[in-house]
Amino acid sequence: MASTVLIDKGMALNRLARFEDGHLTAVLVEPNLPGPAPAMAGDQYGAKIVRVDHTLDAVFLTLAGGDDVFARLTADWSGMSDGASVTVRVETEARRDKRARVRLVSAGVAANLKDHDTDDHDTAFLQSALALLTPDCEIIITNGIGKAALGRHADLIGKASGADPVGALINPRAFLDHGFGEALDAALNPVVMLPGGGRLTIEETQALVAIDVDTHLAHHASRHGLRLSVNRAALAMLRHQIVLRRLSGQIAVDFLRVDKPKRQAFRDAVATALGDLPGLSRPHWTDSGLFICSRTRTGPSLQEALTETASGVITGRRLRPAVAAALAMADLEDHLRAAPNGFFQLAVPSAINTFIERHTPWLDQVAALYTQRFALTIQENPEARHVCTQIR
């Protein structure tokens, strides 16, 4: 299977994406914009201990960005004292009346990266890259910043992954060539079309992840054959979607009901297909035919990391403003890299245009990379594809 890892440590956005035979299988999108941003679940930061409070069984810390957070006092924190510098991962985001909760990052690659004097942003970026790199994948770096970030720790990364990132191909327009924007849209779309006409509908809620399988436009000579063929197509897609969207917690899948003679064989196929997923536990079937399992939560799902609830829209979600602005900037830079004469026109919503204008240093940096001029036009349509401000 052909594997390609795209790496872009940009001025506005960090992007890491893995494609298997042209299909997106893993993705990280992380805004890298001026100004403070709230600590989000799954993010990793450098922090300094303000005080260790044995009475409250808590450790109070300040992140490098200035956020005040806390952690439960456990054995991991033994020997830590006030003023110590540590690396932490956010477990629970801050609420109106509570600080964000963090935990100490375990020893291993993270600790080694920290020892090599890399900055906190570099550490998170490199750790994400490590999760995608394998010795046999093609690594495409889209800018010099990404190459430099990997090059600074080439020995460590090569040792941990078996890959050789410094010798990777550099292709300035790799994200455009792979249709990254469209692939990201599809990864956030609750409806996934299946080969043969069936479809999956994936709904993430606070309590669980509900996945429905239906025939939609699929056809077959017999009703039983139709259900079985759609179920098999759904099963092949299901594993891919769980990994890509980083689905976790309780997952309930409503497959189409299979006739009794073939039911056990299909359930065995489900067990085989999903049995080796990391963190999967307690798989079982209910009397009504629902397949239910649990998967250990190690961070936010892709939807949680990129989107927020849209006010006034029932179950509607839209991209977080920082993500939307960063995607617009990254798309702008991709088009600049791809434009044969260095000039193009890109329409962006007025809100994103205002954001870009407020950060003229970023525009100056981008403009300095090219010899020709570029222009921005404004349109009021908030659903323009290239900025992806609305998930439908």
# chains A, B, ... in the order shown; residues from 1 in each chain; ligands from 1
>>> select_by_dssp(residues="segment 13-210 of chain A", states="alpha helix (DSSP H)", output="PyMOL selection string")
chain A and resi 109-115+120-132+144-151+154-161+174-177+180-188
>>> residues_around(residues="segment 146-153 of chain A", least_positions_apart="5", cutoff="6 Å", atoms="only C-alpha atoms", output="MDAnalysis selection string")
chainID A and resid 8:9 166
>>> select_by_dssp(residues="segment 66-274 of chain A", states="strand (DSSP E)", output="PyMOL selection string")
chain A and resi 68-72+85-92+100-104+138-141+169-170+191-193+199-204+209-214+249-254
>>> write_last_selection(atoms="N, CA and C atoms", output="short mmCIF file (atom, residue, chain, number, x, y, z; two decimals), in the first residue's frame")
data_model
loop_
_atom_site.label_atom_id
_atom_site.label_comp_id
_atom_site.auth_asym_id
_atom_site.auth_seq_id
_atom_site.Cartn_x
_atom_site.Cartn_y
_atom_site.Cartn_z
N ASP A 68 -3.66 29.43 33.45
CA ASP A 68 -3.53 28.75 34.73
C ASP A 68 -4.27 27.42 34.67
N VAL A 69 -3.60 26.33 35.05
CA VAL A 69 -4.17 24.99 34.98
C VAL A 69 -3.85 24.26 36.27
N PHE A 70 -4.41 23.05 36.41
CA PHE A 70 -4.08 22.25 37.59
C PHE A 70 -4.06 20.78 37.20
N ALA A 71 -3.47 19.97 38.09
CA ALA A 71 -3.43 18.52 37.90
C ALA A 71 -3.68 17.85 39.24
N ARG A 72 -4.24 16.66 39.20
CA ARG A 72 -4.41 15.88 40.42
C ARG A 72 -3.03 15.43 40.91
N SER A 85 10.00 23.17 35.85
CA SER A 85 9.47 23.19 34.49
C SER A 85 9.12 21.78 34.06
N VAL A 86 7.93 21.59 33.49
CA VAL A 86 7.45 20.27 33.09
C VAL A 86 6.75 20.39 31.74
N THR A 87 6.48 19.24 31.14
CA THR A 87 5.66 19.18 29.92
C THR A 87 4.36 18.48 30.26
N VAL A 88 3.23 19.08 29.88
CA VAL A 88 1.93 18.53 30.27
C VAL A 88 1.03 18.42 29.04
N ARG A 89 0.04 17.56 29.16
CA ARG A 89 -0.98 17.42 28.13
C ARG A 89 -2.33 17.77 28.73
N VAL A 90 -3.15 18.54 28.00
CA VAL A 90 -4.46 18.98 28.51
C VAL A 90 -5.45 17.81 28.44
N GLU A 91 -6.07 17.49 29.57
CA GLU A 91 -7.08 16.44 29.63
C GLU A 91 -8.48 17.01 29.53
N THR A 92 -8.74 18.10 30.26
CA THR A 92 -10.06 18.73 30.27
C THR A 92 -9.90 20.22 30.07
N ALA A 100 -8.43 24.56 33.35
CA ALA A 100 -8.18 23.35 32.59
C ALA A 100 -7.39 22.37 33.44
N ARG A 101 -7.64 21.06 33.24
CA ARG A 101 -6.92 20.04 33.98
C ARG A 101 -5.91 19.38 33.05
N VAL A 102 -4.71 19.13 33.55
CA VAL A 102 -3.64 18.56 32.73
C VAL A 102 -3.07 17.33 33.42
N ARG A 103 -2.22 16.61 32.68
CA ARG A 103 -1.47 15.52 33.29
C ARG A 103 -0.03 15.60 32.80
N LEU A 104 0.87 15.05 33.57
CA LEU A 104 2.28 15.05 33.22
C LEU A 104 2.50 14.13 32.02
N GLU A 138 6.55 7.68 1.90
CA GLU A 138 7.13 8.85 1.23
C GLU A 138 6.80 10.07 2.07
N ILE A 139 7.80 10.86 2.41
CA ILE A 139 7.59 12.04 3.25
C ILE A 139 7.75 13.28 2.38
N ILE A 140 6.72 14.08 2.29
CA ILE A 140 6.76 15.30 1.49
C ILE A 140 6.65 16.50 2.42
N ILE A 141 7.68 17.31 2.48
CA ILE A 141 7.68 18.51 3.31
C ILE A 141 7.38 19.69 2.40
N LEU A 169 11.36 14.42 0.20
CA LEU A 169 11.04 15.26 -0.95
C LEU A 169 10.39 16.56 -0.48
N ILE A 170 10.74 17.67 -1.09
CA ILE A 170 10.08 18.95 -0.78
C ILE A 170 9.24 19.35 -1.98
N VAL A 191 -22.01 12.30 6.97
CA VAL A 191 -22.49 11.28 6.03
C VAL A 191 -21.32 10.77 5.19
N VAL A 192 -21.14 9.46 5.17
CA VAL A 192 -20.08 8.83 4.39
C VAL A 192 -20.73 7.86 3.41
N MET A 193 -20.56 8.10 2.13
CA MET A 193 -21.14 7.23 1.12
C MET A 193 -20.29 5.96 0.98
N ARG A 199 -24.70 3.90 2.84
CA ARG A 199 -24.06 5.05 3.50
C ARG A 199 -23.96 4.83 5.00
N LEU A 200 -22.98 5.51 5.61
CA LEU A 200 -22.83 5.60 7.06
C LEU A 200 -23.23 7.01 7.49
N THR A 201 -23.88 7.11 8.63
CA THR A 201 -24.13 8.42 9.24
C THR A 201 -23.51 8.39 10.63
N ILE A 202 -22.57 9.29 10.87
CA ILE A 202 -21.80 9.30 12.11
C ILE A 202 -22.17 10.53 12.92
N GLU A 203 -22.68 10.32 14.13
CA GLU A 203 -23.08 11.43 15.00
C GLU A 203 -22.31 11.33 16.31
N GLU A 204 -21.50 12.35 16.59
CA GLU A 204 -20.77 12.42 17.86
C GLU A 204 -21.58 13.24 18.85
N VAL A 209 -20.81 7.88 20.55
CA VAL A 209 -20.75 8.04 19.10
C VAL A 209 -21.75 7.06 18.49
N ALA A 210 -22.73 7.58 17.77
CA ALA A 210 -23.76 6.74 17.15
C ALA A 210 -23.48 6.66 15.65
N ILE A 211 -23.42 5.43 15.13
CA ILE A 211 -23.14 5.22 13.71
C ILE A 211 -24.26 4.36 13.12
N ASP A 212 -24.93 4.89 12.13
CA ASP A 212 -26.04 4.19 11.49
C ASP A 212 -25.65 3.73 10.09
N VAL A 213 -26.06 2.53 9.75
CA VAL A 213 -25.82 1.98 8.42
C VAL A 213 -27.17 1.87 7.72
N ASP A 214 -27.28 2.41 6.51
CA ASP A 214 -28.53 2.24 5.76
C ASP A 214 -28.24 1.99 4.28
N GLY A 249 -14.50 6.66 23.36
CA GLY A 249 -15.64 6.54 24.27
C GLY A 249 -16.51 5.38 23.85
N GLN A 250 -17.78 5.46 24.18
CA GLN A 250 -18.71 4.40 23.79
C GLN A 250 -19.16 4.61 22.34
N ILE A 251 -19.04 3.57 21.54
CA ILE A 251 -19.40 3.64 20.12
C ILE A 251 -20.50 2.61 19.86
N ALA A 252 -21.62 3.05 19.33
CA ALA A 252 -22.75 2.17 19.02
C ALA A 252 -22.98 2.18 17.52
N VAL A 253 -22.96 0.98 16.91
CA VAL A 253 -23.12 0.86 15.46
C VAL A 253 -24.40 0.07 15.17
N ASP A 254 -25.28 0.68 14.40
CA ASP A 254 -26.55 0.04 14.03
C ASP A 254 -26.40 -0.52 12.62
#
>>> residues_around(residues="segment 226-232 of chain A", least_positions_apart="6", cutoff="12 Å", atoms="only C-alpha atoms", output="compact mmCIF listing (two decimals) with N, CA and C atoms, in the first residue's frame")
# COMPACT_ATOMS: atom_id res chain seq x y z
N MET A 193 -20.56 8.10 2.13
CA MET A 193 -21.14 7.23 1.12
C MET A 193 -20.29 5.96 0.98
N LEU A 194 -20.96 4.83 0.80
CA LEU A 194 -20.29 3.55 0.68
C LEU A 194 -20.29 3.06 -0.76
N PRO A 195 -19.31 2.27 -1.16
CA PRO A 195 -19.35 1.66 -2.50
C PRO A 195 -20.61 0.82 -2.67
N GLY A 196 -21.28 0.97 -3.78
CA GLY A 196 -22.50 0.22 -4.02
C GLY A 196 -23.76 0.99 -3.68
N GLY A 197 -23.63 2.19 -3.06
CA GLY A 197 -24.81 3.02 -2.81
C GLY A 197 -25.27 3.14 -1.39
N GLY A 198 -24.74 2.33 -0.46
CA GLY A 198 -25.11 2.46 0.95
C GLY A 198 -24.43 3.68 1.57
N ARG A 199 -24.70 3.90 2.84
CA ARG A 199 -24.06 5.05 3.50
C ARG A 199 -23.96 4.83 5.00
N LEU A 200 -22.98 5.51 5.61
CA LEU A 200 -22.83 5.60 7.06
C LEU A 200 -23.23 7.01 7.49
N ASP A 212 -24.93 4.89 12.13
CA ASP A 212 -26.04 4.19 11.49
C ASP A 212 -25.65 3.73 10.09
N VAL A 213 -26.06 2.53 9.75
CA VAL A 213 -25.82 1.98 8.42
C VAL A 213 -27.17 1.87 7.72
N ASP A 214 -27.28 2.41 6.51
CA ASP A 214 -28.53 2.24 5.76
C ASP A 214 -28.24 1.99 4.28
N THR A 215 -29.22 1.45 3.59
CA THR A 215 -29.04 1.03 2.20
C THR A 215 -28.98 2.21 1.24
N HIS A 216 -29.69 3.30 1.56
CA HIS A 216 -29.72 4.51 0.73
C HIS A 216 -30.04 4.17 -0.73
N LEU A 217 -29.07 4.21 -1.63
CA LEU A 217 -29.33 3.98 -3.05
C LEU A 217 -28.87 2.59 -3.52
N ALA A 218 -28.48 1.74 -2.57
CA ALA A 218 -27.96 0.43 -2.95
C ALA A 218 -29.08 -0.47 -3.47
N HIS A 219 -28.73 -1.37 -4.40
CA HIS A 219 -29.71 -2.31 -4.97
C HIS A 219 -29.12 -3.72 -4.96
N HIS A 220 -30.01 -4.71 -4.85
CA HIS A 220 -29.59 -6.11 -4.90
C HIS A 220 -30.81 -6.95 -5.25
N LEU A 238 -15.80 1.37 8.28
CA LEU A 238 -15.94 1.73 9.68
C LEU A 238 -14.58 1.88 10.37
N ARG A 239 -13.71 0.90 10.18
CA ARG A 239 -12.40 0.97 10.82
C ARG A 239 -11.64 2.22 10.39
N VAL A 253 -22.96 0.98 16.91
CA VAL A 253 -23.12 0.86 15.46
C VAL A 253 -24.40 0.07 15.17
N ASP A 254 -25.28 0.68 14.40
CA ASP A 254 -26.55 0.04 14.03
C ASP A 254 -26.40 -0.52 12.62
N PHE A 255 -25.86 -1.76 12.52
CA PHE A 255 -25.78 -2.42 11.22
C PHE A 255 -27.18 -2.84 10.78
N LEU A 256 -27.32 -3.09 9.49
CA LEU A 256 -28.57 -3.66 8.98
C LEU A 256 -28.71 -5.08 9.51
N ARG A 257 -29.93 -5.46 9.84
CA ARG A 257 -30.15 -6.77 10.44
C ARG A 257 -29.90 -7.88 9.42
N VAL A 258 -29.05 -8.84 9.80
CA VAL A 258 -28.68 -9.95 8.92
C VAL A 258 -29.53 -11.17 9.28
N ASP A 259 -30.00 -11.90 8.27
CA ASP A 259 -30.80 -13.10 8.52
C ASP A 259 -30.01 -14.11 9.35
N LYS A 260 -30.71 -14.89 10.14
CA LYS A 260 -30.10 -15.75 11.15
C LYS A 260 -29.02 -16.68 10.62
N PRO A 261 -29.19 -17.34 9.46
CA PRO A 261 -28.16 -18.27 8.99
C PRO A 261 -26.79 -17.63 8.77
N LYS A 262 -26.77 -16.33 8.41
CA LYS A 262 -25.51 -15.65 8.13
C LYS A 262 -25.08 -14.71 9.26
N ARG A 263 -25.88 -14.63 10.31
CA ARG A 263 -25.65 -13.62 11.35
C ARG A 263 -24.33 -13.84 12.07
N ALA A 265 -21.64 -15.48 11.19
CA ALA A 265 -20.48 -15.29 10.32
C ALA A 265 -20.17 -13.80 10.17
N PHE A 266 -21.23 -12.96 10.06
CA PHE A 266 -20.99 -11.53 9.95
C PHE A 266 -20.44 -10.97 11.25
N ARG A 267 -20.97 -11.42 12.38
CA ARG A 267 -20.47 -10.92 13.66
C ARG A 267 -19.01 -11.32 13.87
N ASP A 268 -18.63 -12.48 13.40
CA ASP A 268 -17.22 -12.89 13.47
C ASP A 268 -16.36 -11.98 12.61
N ALA A 269 -16.89 -11.57 11.46
CA ALA A 269 -16.16 -10.65 10.58
C ALA A 269 -15.96 -9.30 11.25
N VAL A 270 -16.96 -8.82 11.99
CA VAL A 270 -16.85 -7.57 12.74
C VAL A 270 -15.75 -7.69 13.79
N ALA A 273 -12.34 -7.59 12.05
CA ALA A 273 -12.00 -6.30 11.46
C ALA A 273 -11.63 -5.26 12.51
>>> residues_around(residues="segment 289-303 of chain A", least_positions_apart="3", cutoff="6 Å", atoms="only C-alpha atoms", output="PyMOL selection string")
chain A and resi 41-42+245-254+279-286+306-307
>>> closest_residue(among="A:Met329, A:Met80, A:Ala339, A:Ile242", to="Pro278 of chain A", atoms="only C-alpha atoms")
A:Ile242
>>> atom_distance(atom1="atom CA of Leu327 of chain A", atom2="atom CA of Pro172 of chain A")
16.1 Å
>>> residues_around(residues="Ser3 of chain A", least_positions_apart="2", cutoff="12 Å", atoms="only C-alpha atoms", output="PyMOL selection string")
chain A and resi 1+5-6+17-26+132-140
>>> atom_distance(atom1="atom CA of Gly66 of chain A", atom2="atom CA of Ala328 of chain A")
26.7 Å
>>> closest_residue(among="A:Gly10, A:Gly46, A:Pro31, A:Pro190", to="Val323 of chain A", atoms="only C-alpha atoms")
A:Pro31
